[in-house]
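So this one's query-v5.pdb, PDB, N, CA and C atoms, pLDDT in the B column:
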```pdb
ATOM      1  N   MET A   1      10.742   7.065  -9.603  1.00 87.00           N
ATOM      2  CA  MET A   1      11.686   7.967  -9.006  1.00 87.00           C
ATOM      3  C   MET A   1      12.647   8.416 -10.103  1.00 87.00           C
ATOM      4  N   THR A   2      12.853   9.711 -10.157  1.00 91.00           N
ATOM      5  CA  THR A   2      13.801  10.295 -11.093  1.00 91.00           C
ATOM      6  C   THR A   2      14.714  11.227 -10.304  1.00 91.00           C
ATOM      7  N   PRO A   3      15.723  11.777 -10.921  1.00 91.00           N
ATOM      8  CA  PRO A   3      16.589  12.707 -10.181  1.00 91.00           C
ATOM      9  C   PRO A   3      15.839  13.917  -9.609  1.00 91.00           C
ATOM     10  N   ASP A   4      14.738  14.299 -10.245  1.00 94.00           N
ATOM     11  CA  ASP A   4      14.003  15.487  -9.810  1.00 94.00           C
ATOM     12  C   ASP A   4      12.665  15.189  -9.146  1.00 94.00           C
ATOM     13  N   PHE A   5      12.264  13.934  -9.084  1.00 96.00           N
ATOM     14  CA  PHE A   5      10.927  13.611  -8.579  1.00 96.00           C
ATOM     15  C   PHE A   5      10.930  12.261  -7.879  1.00 96.00           C
ATOM     16  N   ALA A   6      10.220  12.203  -6.763  1.00 96.00           N
ATOM     17  CA  ALA A   6      10.045  10.937  -6.054  1.00 96.00           C
ATOM     18  C   ALA A   6       8.621  10.893  -5.516  1.00 96.00           C
ATOM     19  N   ALA A   7       8.000   9.760  -5.624  1.00 97.00           N
ATOM     20  CA  ALA A   7       6.638   9.591  -5.099  1.00 97.00           C
ATOM     21  C   ALA A   7       6.440   8.150  -4.669  1.00 97.00           C
ATOM     22  N   LEU A   8       5.613   7.987  -3.656  1.00 97.00           N
ATOM     23  CA  LEU A   8       5.299   6.660  -3.144  1.00 97.00           C
ATOM     24  C   LEU A   8       3.820   6.619  -2.800  1.00 97.00           C
ATOM     25  N   LEU A   9       3.154   5.596  -3.270  1.00 97.00           N
ATOM     26  CA  LEU A   9       1.787   5.298  -2.865  1.00 97.00           C
ATOM     27  C   LEU A   9       1.839   3.914  -2.247  1.00 97.00           C
ATOM     28  N   ALA A  10       1.575   3.842  -0.958  1.00 96.00           N
ATOM     29  CA  ALA A  10       1.593   2.568  -0.246  1.00 96.00           C
ATOM     30  C   ALA A  10       0.236   2.366   0.408  1.00 96.00           C
ATOM     31  N   ALA A  11      -0.257   1.131   0.361  1.00 96.00           N
ATOM     32  CA  ALA A  11      -1.571   0.834   0.931  1.00 96.00           C
ATOM     33  C   ALA A  11      -1.558  -0.545   1.554  1.00 96.00           C
ATOM     34  N   ARG A  12      -2.435  -0.715   2.519  1.00 94.00           N
ATOM     35  CA  ARG A  12      -2.638  -2.038   3.099  1.00 94.00           C
ATOM     36  C   ARG A  12      -4.117  -2.226   3.379  1.00 94.00           C
ATOM     37  N   GLU A  13      -4.535  -3.470   3.247  1.00 91.00           N
ATOM     38  CA  GLU A  13      -5.943  -3.789   3.452  1.00 91.00           C
ATOM     39  C   GLU A  13      -6.233  -3.866   4.944  1.00 91.00           C
ATOM     40  N   LEU A  14      -7.337  -3.278   5.339  1.00 89.00           N
ATOM     41  CA  LEU A  14      -7.776  -3.346   6.723  1.00 89.00           C
ATOM     42  C   LEU A  14      -8.551  -4.629   6.938  1.00 89.00           C
ATOM     43  N   ALA A  15      -8.466  -5.157   8.140  1.00 82.00           N
ATOM     44  CA  ALA A  15      -9.221  -6.368   8.471  1.00 82.00           C
ATOM     45  C   ALA A  15     -10.704  -6.023   8.472  1.00 82.00           C
ATOM     46  N   PRO A  16     -11.521  -6.907   7.921  1.00 74.00           N
ATOM     47  CA  PRO A  16     -12.961  -6.639   7.934  1.00 74.00           C
ATOM     48  C   PRO A  16     -13.498  -6.636   9.361  1.00 74.00           C
ATOM     49  N   ALA A  17     -14.572  -5.894   9.589  1.00 66.00           N
ATOM     50  CA  ALA A  17     -15.174  -5.835  10.921  1.00 66.00           C
ATOM     51  C   ALA A  17     -15.593  -7.230  11.372  1.00 66.00           C
ATOM     52  N   ASP A  18     -16.080  -8.028  10.433  1.00 64.00           N
ATOM     53  CA  ASP A  18     -16.447  -9.412  10.728  1.00 64.00           C
ATOM     54  C   ASP A  18     -15.359 -10.306  10.142  1.00 64.00           C
ATOM     55  N   ALA A  19     -14.329 -10.583  10.929  1.00 61.00           N
ATOM     56  CA  ALA A  19     -13.172 -11.339  10.438  1.00 61.00           C
ATOM     57  C   ALA A  19     -13.557 -12.722   9.925  1.00 61.00           C
ATOM     58  N   ALA A  20     -14.682 -13.255  10.379  1.00 60.00           N
ATOM     59  CA  ALA A  20     -15.117 -14.578   9.919  1.00 60.00           C
ATOM     60  C   ALA A  20     -15.598 -14.515   8.469  1.00 60.00           C
ATOM     61  N   PHE A  21     -15.880 -13.322   7.973  1.00 58.00           N
ATOM     62  CA  PHE A  21     -16.384 -13.158   6.606  1.00 58.00           C
ATOM     63  C   PHE A  21     -15.249 -12.877   5.628  1.00 58.00           C
ATOM     64  N   ASP A  22     -14.063 -13.289   5.952  1.00 57.00           N
ATOM     65  CA  ASP A  22     -12.896 -13.039   5.098  1.00 57.00           C
ATOM     66  C   ASP A  22     -12.651 -14.252   4.217  1.00 57.00           C
ATOM     67  N   GLY A  23     -13.544 -14.492   3.274  1.00 61.00           N
ATOM     68  CA  GLY A  23     -13.422 -15.665   2.425  1.00 61.00           C
ATOM     69  C   GLY A  23     -13.507 -15.303   0.965  1.00 61.00           C
ATOM     70  N   PRO A  24     -13.514 -16.301   0.100  1.00 62.00           N
ATOM     71  CA  PRO A  24     -13.534 -16.049  -1.346  1.00 62.00           C
ATOM     72  C   PRO A  24     -14.806 -15.378  -1.828  1.00 62.00           C
ATOM     73  N   ASP A  25     -15.882 -15.442  -1.028  1.00 63.00           N
ATOM     74  CA  ASP A  25     -17.140 -14.821  -1.430  1.00 63.00           C
ATOM     75  C   ASP A  25     -17.241 -13.361  -1.015  1.00 63.00           C
ATOM     76  N   GLN A  26     -16.190 -12.831  -0.385  1.00 66.00           N
ATOM     77  CA  GLN A  26     -16.221 -11.436   0.061  1.00 66.00           C
ATOM     78  C   GLN A  26     -16.312 -10.520  -1.160  1.00 66.00           C
ATOM     79  N   ASN A  27     -17.216  -9.579  -1.119  1.00 74.00           N
ATOM     80  CA  ASN A  27     -17.424  -8.630  -2.196  1.00 74.00           C
ATOM     81  C   ASN A  27     -16.302  -7.587  -2.191  1.00 74.00           C
ATOM     82  N   ASP A  28     -15.704  -7.304  -3.332  1.00 75.00           N
ATOM     83  CA  ASP A  28     -14.633  -6.321  -3.404  1.00 75.00           C
ATOM     84  C   ASP A  28     -15.089  -4.939  -2.955  1.00 75.00           C
ATOM     85  N   ASP A  29     -16.376  -4.631  -3.105  1.00 77.00           N
ATOM     86  CA  ASP A  29     -16.887  -3.330  -2.675  1.00 77.00           C
ATOM     87  C   ASP A  29     -16.828  -3.165  -1.164  1.00 77.00           C
ATOM     88  N   ASP A  30     -16.720  -4.263  -0.435  1.00 78.00           N
ATOM     89  CA  ASP A  30     -16.687  -4.211   1.025  1.00 78.00           C
ATOM     90  C   ASP A  30     -15.268  -4.087   1.579  1.00 78.00           C
ATOM     91  N   ARG A  31     -14.268  -4.219   0.733  1.00 84.00           N
ATOM     92  CA  ARG A  31     -12.878  -4.145   1.192  1.00 84.00           C
ATOM     93  C   ARG A  31     -12.515  -2.700   1.497  1.00 84.00           C
ATOM     94  N   GLN A  32     -11.703  -2.510   2.555  1.00 89.00           N
ATOM     95  CA  GLN A  32     -11.251  -1.178   2.927  1.00 89.00           C
ATOM     96  C   GLN A  32      -9.736  -1.175   3.059  1.00 89.00           C
ATOM     97  N   PHE A  33      -9.137  -0.040   2.707  1.00 92.00           N
ATOM     98  CA  PHE A  33      -7.690   0.111   2.744  1.00 92.00           C
ATOM     99  C   PHE A  33      -7.336   1.418   3.441  1.00 92.00           C
ATOM    100  N   GLU A  34      -6.136   1.452   4.009  1.00 96.00           N
ATOM    101  CA  GLU A  34      -5.572   2.715   4.436  1.00 96.00           C
ATOM    102  C   GLU A  34      -4.341   2.934   3.561  1.00 96.00           C
ATOM    103  N   PHE A  35      -4.055   4.199   3.260  1.00 96.00           N
ATOM    104  CA  PHE A  35      -2.963   4.461   2.333  1.00 96.00           C
ATOM    105  C   PHE A  35      -2.238   5.750   2.689  1.00 96.00           C
ATOM    106  N   VAL A  36      -1.072   5.888   2.102  1.00 96.00           N
ATOM    107  CA  VAL A  36      -0.288   7.110   2.243  1.00 96.00           C
ATOM    108  C   VAL A  36       0.296   7.449   0.877  1.00 96.00           C
ATOM    109  N   LEU A  37       0.284   8.714   0.552  1.00 97.00           N
ATOM    110  CA  LEU A  37       0.918   9.228  -0.656  1.00 97.00           C
ATOM    111  C   LEU A  37       1.941  10.250  -0.204  1.00 97.00           C
ATOM    112  N   THR A  38       3.190  10.078  -0.606  1.00 97.00           N
ATOM    113  CA  THR A  38       4.235  11.003  -0.191  1.00 97.00           C
ATOM    114  C   THR A  38       5.165  11.322  -1.356  1.00 97.00           C
ATOM    115  N   HIS A  39       5.742  12.487  -1.290  1.00 97.00           N
ATOM    116  CA  HIS A  39       6.769  12.892  -2.241  1.00 97.00           C
ATOM    117  C   HIS A  39       8.106  13.086  -1.527  1.00 97.00           C
ATOM    118  N   ASP A  40       8.185  12.605  -0.302  1.00 96.00           N
ATOM    119  CA  ASP A  40       9.416  12.687   0.490  1.00 96.00           C
ATOM    120  C   ASP A  40      10.420  11.688  -0.085  1.00 96.00           C
ATOM    121  N   ARG A  41      11.540  12.185  -0.579  1.00 97.00           N
ATOM    122  CA  ARG A  41      12.536  11.335  -1.242  1.00 97.00           C
ATOM    123  C   ARG A  41      13.101  10.272  -0.306  1.00 97.00           C
ATOM    124  N   ALA A  42      13.391  10.621   0.929  1.00 96.00           N
ATOM    125  CA  ALA A  42      13.985   9.649   1.863  1.00 96.00           C
ATOM    126  C   ALA A  42      13.029   8.489   2.134  1.00 96.00           C
ATOM    127  N   ILE A  43      11.769   8.783   2.322  1.00 96.00           N
ATOM    128  CA  ILE A  43      10.784   7.727   2.562  1.00 96.00           C
ATOM    129  C   ILE A  43      10.610   6.864   1.316  1.00 96.00           C
ATOM    130  N   THR A  44      10.563   7.508   0.153  1.00 96.00           N
ATOM    131  CA  THR A  44      10.413   6.776  -1.098  1.00 96.00           C
ATOM    132  C   THR A  44      11.595   5.845  -1.340  1.00 96.00           C
ATOM    133  N   VAL A  45      12.791   6.329  -1.093  1.00 96.00           N
ATOM    134  CA  VAL A  45      13.996   5.503  -1.270  1.00 96.00           C
ATOM    135  C   VAL A  45      13.994   4.343  -0.283  1.00 96.00           C
ATOM    136  N   ALA A  46      13.629   4.597   0.964  1.00 96.00           N
ATOM    137  CA  ALA A  46      13.596   3.535   1.972  1.00 96.00           C
ATOM    138  C   ALA A  46      12.589   2.444   1.586  1.00 96.00           C
ATOM    139  N   ALA A  47      11.430   2.848   1.092  1.00 95.00           N
ATOM    140  CA  ALA A  47      10.427   1.859   0.671  1.00 95.00           C
ATOM    141  C   ALA A  47      10.904   1.068  -0.538  1.00 95.00           C
ATOM    142  N   ALA A  48      11.522   1.745  -1.495  1.00 94.00           N
ATOM    143  CA  ALA A  48      12.029   1.053  -2.685  1.00 94.00           C
ATOM    144  C   ALA A  48      13.123   0.056  -2.306  1.00 94.00           C
ATOM    145  N   ARG A  49      13.999   0.436  -1.406  1.00 96.00           N
ATOM    146  CA  ARG A  49      15.053  -0.479  -0.959  1.00 96.00           C
ATOM    147  C   ARG A  49      14.459  -1.689  -0.252  1.00 96.00           C
ATOM    148  N   SER A  50      13.455  -1.456   0.575  1.00 96.00           N
ATOM    149  CA  SER A  50      12.805  -2.546   1.286  1.00 96.00           C
ATOM    150  C   SER A  50      12.184  -3.548   0.308  1.00 96.00           C
ATOM    151  N   LEU A  51      11.521  -3.023  -0.729  1.00 94.00           N
ATOM    152  CA  LEU A  51      10.919  -3.904  -1.721  1.00 94.00           C
ATOM    153  C   LEU A  51      11.971  -4.658  -2.543  1.00 94.00           C
ATOM    154  N   MET A  52      13.042  -3.989  -2.887  1.00 95.00           N
ATOM    155  CA  MET A  52      14.103  -4.633  -3.673  1.00 95.00           C
ATOM    156  C   MET A  52      14.792  -5.751  -2.903  1.00 95.00           C
ATOM    157  N   LEU A  53      14.889  -5.608  -1.585  1.00 96.00           N
ATOM    158  CA  LEU A  53      15.512  -6.653  -0.779  1.00 96.00           C
ATOM    159  C   LEU A  53      14.669  -7.922  -0.748  1.00 96.00           C
ATOM    160  N   ARG A  54      13.402  -7.825  -1.075  1.00 94.00           N
ATOM    161  CA  ARG A  54      12.512  -8.992  -1.069  1.00 94.00           C
ATOM    162  C   ARG A  54      12.554  -9.770  -2.366  1.00 94.00           C
ATOM    163  N   LEU A  55      13.209  -9.246  -3.382  1.00 91.00           N
ATOM    164  CA  LEU A  55      13.273  -9.941  -4.665  1.00 91.00           C
ATOM    165  C   LEU A  55      14.292 -11.043  -4.663  1.00 91.00           C
TER     166      LEU A  55
END
```
Take the structure in the file and write it out as structure tokens.
Amino acid sequence: MTPDFAALLAARELAPADAAFDGPDQNDDDRQFEFVLTHDRAITVAAARSLMLRL
């Protein structure tokens, strides 16, 4: 984030269709994520504040 630019890429992993197969042998190629990319300054600031509060 700069005075003239803000961007956020946020992602989370989706649960596998077979939840029992969620172990160390799971192939990375089988993992799925949903994500959002935004340049909305208010959303970017809110996400950054949320992350900073966890430190």
Starting from the shown file, work through the PyMOL selection byres ((chain A and resi 1-8) around 6.5) and note down what comes out as a VMD selection string. chain A and resid 9 to 10 36 to 41 44
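Running the PyMOL selection byres ((chain A and resi 14) around 5) on this file leaves A:Arg12, A:Glu13, A:Ala15, A:Pro16, A:Gln32, A:Phe33 selected.
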Apply DSSP to the backbone of this structure and, from chain A, keep only the residues in helix (DSSP H, G or I); write these as a ChimeraX atom specification. /A:19-21,28-30,41-53
Would you compute the distance between CA of Ser50 (chain A) and CA of Glu34 (chain A)? Give it in Å to one decimal. 19.4 Å
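Residues of chain A that DSSP, applied to the backbone, places in strand (DSSP E or B): A:Thr2, A:Phe5, A:Leu8, A:Leu9, A:Ala10, A:Ala11, A:Arg12, A:Glu13, A:Phe33, A:Glu34, A:Phe35, A:Val36, A:Leu37, A:Thr38.
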Report the distance between CA of Asp29 (chain A) and atom C of Ala11 (chain A) in Å, rounded to one decimal place. 16.1 Å
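Atom N of Arg31 (chain A) is found 26.6 Å from atom N of Ala48 (chain A).
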